$ cat work09.txt   # compact mmCIF, C-alpha atoms
# COMPACT_ATOMS: atom_id res chain seq x y z
CA MET A 25 -16.27 -34.59 12.40
CA ILE A 26 -14.28 -31.99 10.49
CA GLN A 27 -10.83 -30.54 11.04
CA VAL A 28 -10.48 -26.81 11.52
CA ASN A 29 -6.89 -25.64 11.58
CA GLY A 30 -5.82 -29.11 12.56
CA LYS A 31 -8.23 -29.48 15.45
CA PRO A 32 -11.39 -31.62 15.37
CA MET A 33 -14.76 -29.91 15.35
CA VAL A 34 -18.16 -31.55 15.47
CA TRP A 35 -19.87 -31.36 12.08
CA SER A 36 -23.58 -30.69 11.77
CA GLU A 37 -26.00 -31.06 8.89
CA GLY A 38 -26.26 -27.84 6.87
CA MET A 39 -22.94 -26.42 8.09
CA THR A 40 -21.63 -23.64 5.90
CA VAL A 41 -18.42 -21.63 6.05
CA SER A 42 -20.39 -18.77 7.63
CA SER A 43 -21.96 -20.92 10.31
CA MET A 44 -18.61 -22.54 11.12
CA LEU A 45 -16.86 -19.18 11.49
CA LYS A 46 -19.64 -17.97 13.75
CA GLU A 47 -19.52 -21.09 15.88
CA LYS A 48 -15.72 -20.82 16.20
CA ASN A 49 -16.09 -17.16 17.05
CA TYR A 50 -13.83 -16.04 14.23
CA ILE A 51 -15.24 -12.55 14.37
CA PHE A 52 -12.91 -10.76 12.00
CA ALA A 53 -14.20 -10.17 8.52
CA LYS A 54 -10.82 -10.56 6.88
CA ILE A 55 -10.13 -14.22 7.04
CA VAL A 56 -8.75 -16.65 4.47
CA VAL A 57 -10.67 -19.92 4.26
CA LYS A 58 -9.71 -23.10 2.46
CA ILE A 59 -11.63 -26.35 2.35
CA ASN A 60 -9.57 -29.38 1.39
CA GLY A 61 -6.94 -27.05 -0.06
CA VAL A 62 -9.43 -25.05 -2.14
CA PHE A 63 -9.62 -21.33 -1.47
CA ILE A 64 -13.17 -20.07 -0.77
CA PRO A 65 -13.86 -16.40 -1.59
CA ALA A 66 -15.60 -14.36 1.11
CA GLU A 67 -18.73 -13.77 -0.99
CA LYS A 68 -19.34 -17.52 -0.96
CA TYR A 69 -19.13 -18.11 2.80
CA GLU A 70 -22.93 -18.13 3.23
CA THR A 71 -23.51 -20.60 0.43
CA THR A 72 -20.50 -22.93 0.63
CA SER A 73 -21.27 -26.11 2.49
CA ILE A 74 -18.82 -27.90 4.71
CA HIS A 75 -19.15 -31.66 4.52
CA ASP A 76 -18.43 -34.28 7.13
CA GLY A 77 -14.73 -35.13 7.04
CA ASP A 78 -13.62 -31.86 5.40
CA ASP A 79 -10.28 -30.32 6.26
CA VAL A 80 -10.81 -26.60 6.83
CA LYS A 81 -8.20 -23.93 7.24
CA ALA A 82 -9.27 -20.50 8.49
CA ILE A 83 -6.42 -18.05 8.76
CA HIS A 84 -6.76 -14.42 9.73
CA MET A 85 -5.47 -12.13 7.01
CA LEU A 86 -2.45 -10.30 8.31
CA ALA A 87 -0.61 -7.64 6.31
CA GLY A 88 0.85 -5.28 8.87
CA GLY A 89 4.55 -4.63 9.14
CA MET B 27 36.39 -5.63 18.15
CA GLU B 28 37.37 -9.28 18.43
CA LYS B 29 34.93 -10.20 21.18
CA ARG B 30 31.90 -8.81 19.36
CA TYR B 31 30.64 -12.20 18.21
CA GLN B 32 31.77 -14.20 21.21
CA ARG B 33 28.21 -14.96 22.33
CA ASN B 34 27.43 -16.26 18.85
CA MET B 35 30.17 -18.87 19.13
CA LYS B 36 27.98 -21.63 20.53
CA LEU B 37 25.41 -21.05 17.79
CA MET B 38 27.84 -20.64 14.90
CA THR B 39 31.34 -21.82 14.11
CA GLN B 40 34.21 -19.43 13.46
CA ASP B 41 33.88 -20.23 9.74
CA GLU B 42 30.16 -19.48 9.80
CA ILE B 43 30.75 -16.13 11.50
CA ALA B 44 33.31 -15.35 8.79
CA ALA B 45 30.89 -16.52 6.08
CA LEU B 46 28.15 -14.24 7.41
CA LYS B 47 30.42 -11.25 6.83
CA GLU B 48 30.32 -11.99 3.10
CA LYS B 49 26.54 -12.16 2.93
CA ARG B 50 24.19 -9.46 1.65
CA VAL B 51 20.64 -9.04 2.93
CA CYS B 52 18.05 -6.59 1.67
CA VAL B 53 15.37 -5.48 4.15
CA VAL B 54 12.33 -3.94 2.49
CA GLY B 55 10.58 -1.75 5.03
CA CYS B 56 12.13 -0.07 8.07
CA GLY B 57 9.04 0.26 10.24
CA GLY B 58 7.63 -2.13 12.82
CA LEU B 59 9.26 -5.28 11.51
CA GLY B 60 12.14 -3.71 9.63
CA GLY B 61 13.59 -1.78 12.55
CA TYR B 62 14.02 -4.95 14.60
CA ILE B 63 15.24 -6.90 11.58
CA VAL B 64 18.07 -4.52 10.70
CA GLU B 65 19.04 -4.28 14.39
CA MET B 66 19.31 -8.04 14.77
CA LEU B 67 20.99 -8.73 11.43
CA SER B 68 23.69 -6.15 12.17
CA ARG B 69 24.33 -7.59 15.63
CA MET B 70 24.73 -11.06 14.09
CA GLY B 71 27.36 -9.68 11.71
CA VAL B 72 25.74 -9.88 8.27
CA GLY B 73 28.29 -8.20 6.05
CA LYS B 74 26.06 -5.96 3.97
CA ILE B 75 22.56 -4.73 4.70
CA THR B 76 20.42 -2.68 2.33
CA ALA B 77 17.58 -0.90 4.09
CA ILE B 78 14.74 0.27 1.85
CA ASP B 79 11.91 2.57 2.91
CA GLY B 80 10.54 5.73 1.33
CA ASP B 81 8.61 6.71 4.44
CA VAL B 82 9.39 9.15 7.25
CA PHE B 83 8.59 8.74 10.95
CA ASP B 84 5.38 10.08 12.43
CA GLU B 85 3.95 10.08 15.94
CA THR B 86 1.91 6.92 15.38
CA ASN B 87 5.13 4.94 14.91
CA LEU B 88 6.37 5.60 18.45
CA ASN B 89 4.39 2.77 20.06
CA ARG B 90 6.29 0.02 18.27
CA GLN B 91 8.94 1.02 15.72
CA LEU B 92 12.36 0.43 17.21
CA LEU B 93 14.05 3.05 15.08
CA SER B 94 11.50 5.74 15.88
CA GLU B 95 12.23 8.46 18.40
CA GLU B 96 10.45 11.73 19.15
CA ALA B 97 13.41 13.66 17.76
CA LEU B 98 13.23 11.75 14.46
CA ILE B 99 9.63 12.55 13.56
CA GLY B 100 9.68 13.68 9.95
CA SER B 101 13.03 11.98 9.24
CA SER B 102 13.77 9.15 6.82
CA LYS B 103 13.27 5.62 8.18
CA ALA B 104 15.92 4.20 5.82
CA GLU B 105 18.49 6.76 6.92
CA ALA B 106 17.65 6.06 10.57
CA ALA B 107 18.27 2.36 9.90
CA LYS B 108 21.66 3.19 8.44
CA THR B 109 22.59 5.38 11.38
CA ARG B 110 21.53 2.74 13.89
CA ILE B 111 23.36 -0.11 12.12
CA GLN B 112 26.55 1.95 11.93
CA ARG B 113 26.38 2.66 15.67
CA VAL B 114 25.72 -0.98 16.56
CA ASN B 115 28.22 -2.57 14.21
CA SER B 116 30.61 -0.42 12.21
CA GLU B 117 31.86 -3.53 10.40
CA VAL B 118 28.57 -3.82 8.50
CA GLU B 119 28.36 -2.13 5.11
CA VAL B 120 25.01 -0.34 5.01
CA VAL B 121 23.14 1.08 2.08
CA ALA B 122 20.05 3.16 2.79
CA LYS B 123 17.52 3.59 0.00
CA ALA B 124 14.94 6.19 0.96
CA VAL B 125 12.53 5.09 -1.79
CA PHE B 126 9.36 3.06 -2.01
CA LEU B 127 9.67 -0.26 -3.75
CA ARG B 128 7.60 -0.29 -6.91
CA GLU B 129 7.23 -2.45 -10.00
CA ASP B 130 9.68 -0.30 -11.96
CA ASN B 131 12.50 -0.36 -9.39
CA ALA B 132 12.04 -3.62 -7.48
CA GLU B 133 14.48 -5.82 -9.36
CA THR B 134 17.15 -3.13 -9.42
CA LEU B 135 16.82 -2.59 -5.68
CA ILE B 136 17.07 -6.25 -4.68
CA ALA B 137 19.57 -7.51 -7.27
CA GLY B 138 22.81 -8.89 -5.90
CA HIS B 139 21.48 -9.86 -2.46
CA ASP B 140 21.51 -13.34 -0.98
CA VAL B 141 18.20 -13.00 0.87
CA VAL B 142 15.41 -10.42 0.88
CA VAL B 143 13.33 -9.83 4.00
CA ASP B 144 9.73 -8.63 3.69
CA ALA B 145 9.01 -5.96 6.28
CA LEU B 146 6.24 -4.30 4.28
CA ASP B 147 2.81 -3.18 5.45
CA ASN B 148 0.59 -3.85 2.47
CA ILE B 149 -0.27 -6.71 0.16
CA SER B 150 0.17 -5.14 -3.27
CA THR B 151 3.80 -4.19 -2.64
CA ARG B 152 4.40 -7.66 -1.24
CA ARG B 153 3.18 -9.13 -4.53
CA ILE B 154 5.57 -6.88 -6.45
CA LEU B 155 8.42 -7.93 -4.16
CA GLU B 156 7.63 -11.63 -4.52
CA LYS B 157 7.60 -11.32 -8.30
CA ALA B 158 10.92 -9.47 -8.29
CA CYS B 159 12.51 -12.02 -5.98
CA SER B 160 11.39 -14.81 -8.30
CA ALA B 161 12.83 -13.00 -11.32
CA CYS B 162 16.13 -12.42 -9.51
CA GLU B 163 16.07 -15.92 -7.98
CA ILE B 164 16.42 -14.67 -4.43
CA PRO B 165 14.59 -16.25 -1.48
CA LEU B 166 12.15 -14.00 0.39
CA ILE B 167 11.40 -14.17 4.11
CA HIS B 168 7.79 -13.02 4.57
CA GLY B 169 6.47 -11.67 7.84
CA ALA B 170 3.22 -9.95 8.73
CA ILE B 171 1.54 -8.77 11.91
CA ALA B 172 -1.80 -7.57 13.26
CA GLY B 173 -2.56 -7.04 16.94
CA TRP B 174 -1.79 -10.24 18.85
CA TYR B 175 -1.27 -12.20 15.63
CA GLY B 176 1.72 -12.81 13.38
CA GLN B 177 2.90 -15.05 10.58
CA VAL B 178 6.15 -16.04 8.87
CA THR B 179 7.02 -18.11 5.85
CA THR B 180 10.08 -18.53 3.63
CA ILE B 181 9.32 -18.10 -0.05
CA MET B 182 11.64 -19.72 -2.55
CA PRO B 183 11.74 -18.20 -6.06
CA GLY B 184 8.85 -19.30 -8.24
CA SER B 185 6.72 -20.78 -5.46
CA GLY B 186 3.97 -18.14 -5.72
CA VAL B 187 2.95 -18.07 -2.05
CA PHE B 188 1.05 -14.79 -1.88
CA SER B 189 -1.59 -15.95 -4.35
CA LYS B 190 -2.30 -18.80 -1.90
CA LEU B 191 -2.23 -16.55 1.14
CA TYR B 192 -4.12 -13.45 0.07
CA PRO B 193 -7.27 -13.03 -2.07
CA GLU B 194 -6.61 -11.28 -5.35
CA THR B 195 -8.05 -7.88 -4.46
CA ALA B 196 -6.92 -7.72 -0.83
CA GLU B 197 -4.71 -4.82 0.22
CA LYS B 198 -4.79 -4.79 4.01
CA GLY B 199 -5.55 -7.31 6.73
CA ILE B 200 -7.00 -7.20 10.21
CA GLU B 201 -4.26 -4.84 11.38
CA THR B 202 -6.67 -2.10 10.26
CA GLU B 203 -8.99 -3.24 13.07
CA LEU B 204 -6.48 -4.40 15.67
CA GLY B 205 -3.56 -2.05 15.21
CA ASN B 206 -0.02 -3.15 16.06
CA PRO B 207 1.52 -3.25 19.54
CA SER B 208 5.24 -3.22 20.35
CA PHE B 209 5.69 -6.91 21.09
CA THR B 210 4.22 -8.59 18.01
CA PRO B 211 6.60 -7.04 15.46
CA ALA B 212 9.55 -7.81 17.73
CA LEU B 213 8.60 -11.50 17.87
CA VAL B 214 7.82 -11.90 14.17
CA ALA B 215 10.99 -9.99 13.21
CA SER B 216 13.03 -12.33 15.42
CA ILE B 217 11.65 -15.34 13.61
CA GLN B 218 12.32 -13.71 10.24
CA VAL B 219 15.95 -13.08 11.25
CA SER B 220 16.27 -16.67 12.40
CA GLU B 221 14.92 -17.84 9.01
CA THR B 222 17.37 -15.53 7.25
CA LEU B 223 20.30 -16.99 9.18
CA LYS B 224 19.17 -20.52 8.35
CA LEU B 225 19.26 -19.72 4.64
CA LEU B 226 22.54 -17.86 4.78
CA LEU B 227 24.26 -20.59 6.77
CA GLU B 228 22.36 -23.47 5.15
CA LYS B 229 21.32 -24.99 8.43
CA GLY B 230 18.14 -26.03 10.19
CA GLU B 231 14.73 -26.26 8.55
CA PRO B 232 13.41 -23.01 7.14
CA LEU B 233 9.67 -22.55 6.73
CA VAL B 234 9.63 -23.39 3.05
CA GLY B 235 6.16 -24.42 1.93
CA ARG B 236 4.88 -23.81 5.46
CA LEU B 237 3.25 -20.90 7.21
CA LEU B 238 3.91 -20.36 10.90
CA THR B 239 1.03 -18.52 12.56
CA LEU B 240 1.26 -17.01 16.02
CA ASN B 241 -1.65 -16.10 18.27
CA LEU B 242 -0.16 -14.49 21.36
CA LEU B 243 -3.54 -13.85 22.96
CA ASP B 244 -4.49 -17.53 23.24
CA HIS B 245 -0.98 -19.03 22.90
CA GLU B 246 -1.78 -20.89 19.70
CA TYR B 247 1.20 -21.54 17.45
CA GLN B 248 0.56 -23.53 14.31
CA ILE B 249 2.34 -24.47 11.12
CA PHE B 250 0.19 -24.82 8.01
CA GLU B 251 1.41 -26.62 4.90
CA PHE B 252 0.75 -24.80 1.64

$ encode --input "work09.txt" --output "structure tokens"
Amino acid sequence: MIQVNGKPMVWSEGMTVSSMLKEKNYIFAKIVVKINGVFIPAEKYETTSIHDGDDVKAIHMLAGG
Amino acid sequence: MEKRYQRNMKLMTQDEIAALKEKRVCVVGCGGLGGYIVEMLSRMGVGKITAIDGDVFDETNLNRQLLSEEALIGSSKAEAAKTRIQRVNSEVEVVAKAVFLREDNAETLIAGHDVVVDALDNISTRRILEKACSACEIPLIHGAIAGWYGQVTTIMPGSGVFSKLYPETAEKGIETELGNPSFTPALVASIQVSETLKLLLEKGEPLVGRLLTLNLLDHEYQIFEF
């Protein structure tokens, strides 16, 4: 099990940031992702693994005013 | 007008209302967020408000910017803020600065204020503002919006929040895809004003080290720790 924005999510073998975002239906490209407090750049979403027990934050990037 | 603040009396003491009249708040941006922010701060009785914005109104502002009117298209947003504040509360001292905040003028513009409120619409200027607020040791109330989504946090000098919130090369967020409706800036601005009051009156728990995110579409409201 992992935590995504404070809510539990079932973890699966081979989960990456990309696959997690797709599964959660976070469809917007501009999103800020951190795993266990570490910021993950967008170009690494496909290759960054999420491990069982990880604490993931995925926050949409907002800059309007 | 003695009864002006009567409805504030349950929220604030007489002394607090008097204290607010001595406070100085700088609002950077007089668009979607800023229009509501200056409106609310002036109604609460903040003594001095500086409204900064180098932009003029255009037709695309009419869907959400409180200060925008058809007759004001082409006019200064900062000057409109000043006019509105003076009509709402003539006791407030207003300074309108019809300029864009930049690296070379940021500290001069914000110096001498008790709190600065971020009502900007891009990330690079926000970084400049955060740096200036740190240098001048002034807390900054950050707000941002996009479609159904919003966020607020209170940034104390030196805490370097934007480097945690935005990737280094980012300039805009999902507002480029979602646009901005009328209700999201009103809500986020309200929370920013509430945070401002908390700092000015030293009460309650401001969002220091925490980011409040709002998702009005799905009714998800979360607070993330930095």

$ interface_residues --input "work09.txt" --of "chain B" --to "chain A" --cutoff "7 Å" --atoms "all atoms listed in the file" --output "number ranges by chain"
B: 57-59, 145-149, 170-172, 198-201

$ atom_distance --input "work09.txt" --atom1 "CA of Gly60 (chain B)" --atom2 "CA of Ile154 (chain B)"
17.7 Å

$ atom_distance --input "work09.txt" --atom1 "CA of Gly61 (chain B)" --atom2 "CA of Leu92 (chain B)"
5.3 Å

$ residues_around --input "work09.txt" --residues "region 238-249 of chain B" --least-positions-apart "3" --cutoff "7 Å" --atoms "all atoms listed in the file" --output "NGL selection string"
:B and (174-179)

$ atom_distance --input "work09.txt" --atom1 "CA of Ser150 (chain B)" --atom2 "CA of Ser208 (chain B)"
24.2 Å

$ residues_around --input "work09.txt" --residues "Pro232 (chain B)" --least-positions-apart "6" --cutoff "9 Å" --atoms "all atoms listed in the file" --output "PDB file with C-alpha atoms, in the coordinates of the input"
ATOM      1  CA  THR B 179       7.020 -18.110   5.850  1.00  0.00           C
ATOM      2  CA  THR B 180      10.080 -18.530   3.630  1.00  0.00           C
ATOM      3  CA  SER B 220      16.270 -16.670  12.400  1.00  0.00           C
ATOM      4  CA  GLU B 221      14.920 -17.840   9.010  1.00  0.00           C
ATOM      5  CA  THR B 222      17.370 -15.530   7.250  1.00  0.00           C
ATOM      6  CA  LYS B 224      19.170 -20.520   8.350  1.00  0.00           C
ATOM      7  CA  LEU B 225      19.260 -19.720   4.640  1.00  0.00           C
TER       8      LEU B 225
END

$ closest_residue --input "work09.txt" --among "A:Met25, A:Asn49, A:Asp79, A:Asn60" --to "Glu37 (chain A)" --atoms "only C-alpha atoms"
A:Met25

$ residues_around --input "work09.txt" --residues "Ile74 (chain A)" --least-positions-apart "2" --cutoff "10 Å" --atoms "only C-alpha atoms" --output "list in words"
Ile26, Trp35, Ser36, Glu37, Gly38, Met39, Thr40, Val41, Ser42, Ser43, Met44, Ile59, Asn60, Tyr69, Thr71, Thr72, Asp76, Gly77, Asp78, Asp79 and Val80 of chain A

$ residues_around --input "work09.txt" --residues "Ser189 (chain B)" --least-positions-apart "3" --cutoff "12 Å" --atoms "all atoms listed in the file" --output "PyMOL selection string"
(chain A and resi 56+63) or (chain B and resi 149-150+152-154+156-157+181+184-186+192-196+252)

$ residues_around --input "work09.txt" --residues "region 111-113 of chain B" --least-positions-apart "4" --cutoff "10 Å" --atoms "all atoms listed in the file" --output "PyMOL selection string"
chain B and resi 61+64-69+75+77+105-107+117-120

$ build_atoms --input "work09.txt" --residues "region 46-81 of chain A" --atoms "N, CA and C atoms" --output "mmCIF file, keeping the file's coordinate frame"
data_model
loop_
_atom_site.group_PDB
_atom_site.id
_atom_site.type_symbol
_atom_site.label_atom_id
_atom_site.label_comp_id
_atom_site.auth_asym_id
_atom_site.auth_seq_id
_atom_site.Cartn_x
_atom_site.Cartn_y
_atom_site.Cartn_z
ATOM 1 N N LYS A 46 -18.875 -18.539 12.633
ATOM 2 C CA LYS A 46 -19.640 -17.970 13.750
ATOM 3 C C LYS A 46 -19.511 -18.854 14.997
ATOM 4 N N GLU A 47 -19.602 -20.145 14.761
ATOM 5 C CA GLU A 47 -19.520 -21.090 15.880
ATOM 6 C C GLU A 47 -18.128 -21.054 16.529
ATOM 7 N N LYS A 48 -17.097 -20.872 15.688
ATOM 8 C CA LYS A 48 -15.720 -20.820 16.200
ATOM 9 C C LYS A 48 -15.366 -19.438 16.740
ATOM 10 N N ASN A 49 -16.312 -18.533 16.586
ATOM 11 C CA ASN A 49 -16.090 -17.160 17.050
ATOM 12 C C ASN A 49 -14.956 -16.454 16.327
ATOM 13 N N TYR A 50 -14.788 -16.791 15.047
ATOM 14 C CA TYR A 50 -13.830 -16.040 14.230
ATOM 15 C C TYR A 50 -14.554 -14.780 13.784
ATOM 16 N N ILE A 51 -14.394 -13.729 14.562
ATOM 17 C CA ILE A 51 -15.240 -12.550 14.370
ATOM 18 C C ILE A 51 -14.709 -11.581 13.325
ATOM 19 N N PHE A 52 -13.456 -11.740 12.916
ATOM 20 C CA PHE A 52 -12.910 -10.760 12.000
ATOM 21 C C PHE A 52 -13.355 -11.040 10.577
ATOM 22 N N ALA A 53 -13.692 -9.997 9.879
ATOM 23 C CA ALA A 53 -14.200 -10.170 8.520
ATOM 24 C C ALA A 53 -13.108 -10.640 7.560
ATOM 25 N N LYS A 54 -11.876 -10.230 7.830
ATOM 26 C CA LYS A 54 -10.820 -10.560 6.880
ATOM 27 C C LYS A 54 -10.156 -11.869 7.300
ATOM 28 N N ILE A 55 -10.648 -12.907 6.695
ATOM 29 C CA ILE A 55 -10.130 -14.220 7.040
ATOM 30 C C ILE A 55 -10.009 -15.022 5.747
ATOM 31 N N VAL A 56 -8.975 -15.839 5.660
ATOM 32 C CA VAL A 56 -8.750 -16.650 4.470
ATOM 33 C C VAL A 56 -9.216 -18.065 4.794
ATOM 34 N N VAL A 57 -10.121 -18.589 3.977
ATOM 35 C CA VAL A 57 -10.670 -19.920 4.260
ATOM 36 C C VAL A 57 -10.361 -20.856 3.102
ATOM 37 N N LYS A 58 -9.892 -22.053 3.464
ATOM 38 C CA LYS A 58 -9.710 -23.100 2.460
ATOM 39 C C LYS A 58 -10.399 -24.360 2.951
ATOM 40 N N ILE A 59 -11.039 -25.052 2.016
ATOM 41 C CA ILE A 59 -11.630 -26.350 2.350
ATOM 42 C C ILE A 59 -10.953 -27.398 1.476
ATOM 43 N N ASN A 60 -10.317 -28.331 2.117
ATOM 44 C CA ASN A 60 -9.570 -29.380 1.390
ATOM 45 C C ASN A 60 -8.603 -28.774 0.370
ATOM 46 N N GLY A 61 -7.953 -27.686 0.781
ATOM 47 C CA GLY A 61 -6.940 -27.050 -0.060
ATOM 48 C C GLY A 61 -7.494 -26.076 -1.079
ATOM 49 N N VAL A 62 -8.825 -25.961 -1.155
ATOM 50 C CA VAL A 62 -9.430 -25.050 -2.140
ATOM 51 C C VAL A 62 -9.827 -23.747 -1.455
ATOM 52 N N PHE A 63 -9.346 -22.661 -2.012
ATOM 53 C CA PHE A 63 -9.620 -21.330 -1.470
ATOM 54 C C PHE A 63 -11.084 -20.963 -1.711
ATOM 55 N N ILE A 64 -11.752 -20.457 -0.667
ATOM 56 C CA ILE A 64 -13.170 -20.070 -0.770
ATOM 57 C C ILE A 64 -13.276 -18.548 -0.667
ATOM 58 N N PRO A 65 -13.751 -17.869 -1.674
ATOM 59 C CA PRO A 65 -13.860 -16.400 -1.590
ATOM 60 C C PRO A 65 -14.925 -15.985 -0.566
ATOM 61 N N ALA A 66 -14.746 -14.830 0.017
ATOM 62 C CA ALA A 66 -15.600 -14.360 1.110
ATOM 63 C C ALA A 66 -17.078 -14.289 0.706
ATOM 64 N N GLU A 67 -17.339 -13.901 -0.550
ATOM 65 C CA GLU A 67 -18.730 -13.770 -0.990
ATOM 66 C C GLU A 67 -19.463 -15.117 -1.047
ATOM 67 N N LYS A 68 -18.709 -16.191 -0.895
ATOM 68 C CA LYS A 68 -19.340 -17.520 -0.960
ATOM 69 C C LYS A 68 -19.426 -18.209 0.404
ATOM 70 N N TYR A 69 -19.113 -17.475 1.486
ATOM 71 C CA TYR A 69 -19.130 -18.110 2.800
ATOM 72 C C TYR A 69 -20.534 -18.587 3.191
ATOM 73 N N GLU A 70 -21.552 -17.776 2.844
ATOM 74 C CA GLU A 70 -22.930 -18.130 3.230
ATOM 75 C C GLU A 70 -23.416 -19.372 2.507
ATOM 76 N N THR A 71 -22.927 -19.546 1.285
ATOM 77 C CA THR A 71 -23.510 -20.600 0.430
ATOM 78 C C THR A 71 -22.619 -21.829 0.270
ATOM 79 N N THR A 72 -21.396 -21.777 0.789
ATOM 80 C CA THR A 72 -20.500 -22.930 0.630
ATOM 81 C C THR A 72 -20.678 -23.897 1.793
ATOM 82 N N SER A 73 -21.054 -25.098 1.455
ATOM 83 C CA SER A 73 -21.270 -26.110 2.490
ATOM 84 C C SER A 73 -19.960 -26.737 2.920
ATOM 85 N N ILE A 74 -19.924 -27.102 4.185
ATOM 86 C CA ILE A 74 -18.820 -27.900 4.710
ATOM 87 C C ILE A 74 -19.367 -29.295 4.943
ATOM 88 N N HIS A 75 -18.674 -30.283 4.408
ATOM 89 C CA HIS A 75 -19.150 -31.660 4.520
ATOM 90 C C HIS A 75 -18.400 -32.413 5.597
ATOM 91 N N ASP A 76 -19.033 -33.440 6.095
ATOM 92 C CA ASP A 76 -18.430 -34.280 7.130
ATOM 93 C C ASP A 76 -17.086 -34.799 6.627
ATOM 94 N N GLY A 77 -16.050 -34.646 7.432
ATOM 95 C CA GLY A 77 -14.730 -35.130 7.040
ATOM 96 C C GLY A 77 -13.858 -34.089 6.364
ATOM 97 N N ASP A 78 -14.410 -32.909 6.074
ATOM 98 C CA ASP A 78 -13.620 -31.860 5.400
ATOM 99 C C ASP A 78 -12.486 -31.355 6.293
ATOM 100 N N ASP A 79 -11.451 -30.904 5.587
ATOM 101 C CA ASP A 79 -10.280 -30.320 6.260
ATOM 102 C C ASP A 79 -10.332 -28.822 5.978
ATOM 103 N N VAL A 80 -10.608 -28.047 7.002
ATOM 104 C CA VAL A 80 -10.810 -26.600 6.830
ATOM 105 C C VAL A 80 -9.648 -25.827 7.450
ATOM 106 N N LYS A 81 -9.196 -24.847 6.697
ATOM 107 C CA LYS A 81 -8.200 -23.930 7.240
ATOM 108 C C LYS A 81 -8.822 -22.534 7.252
#
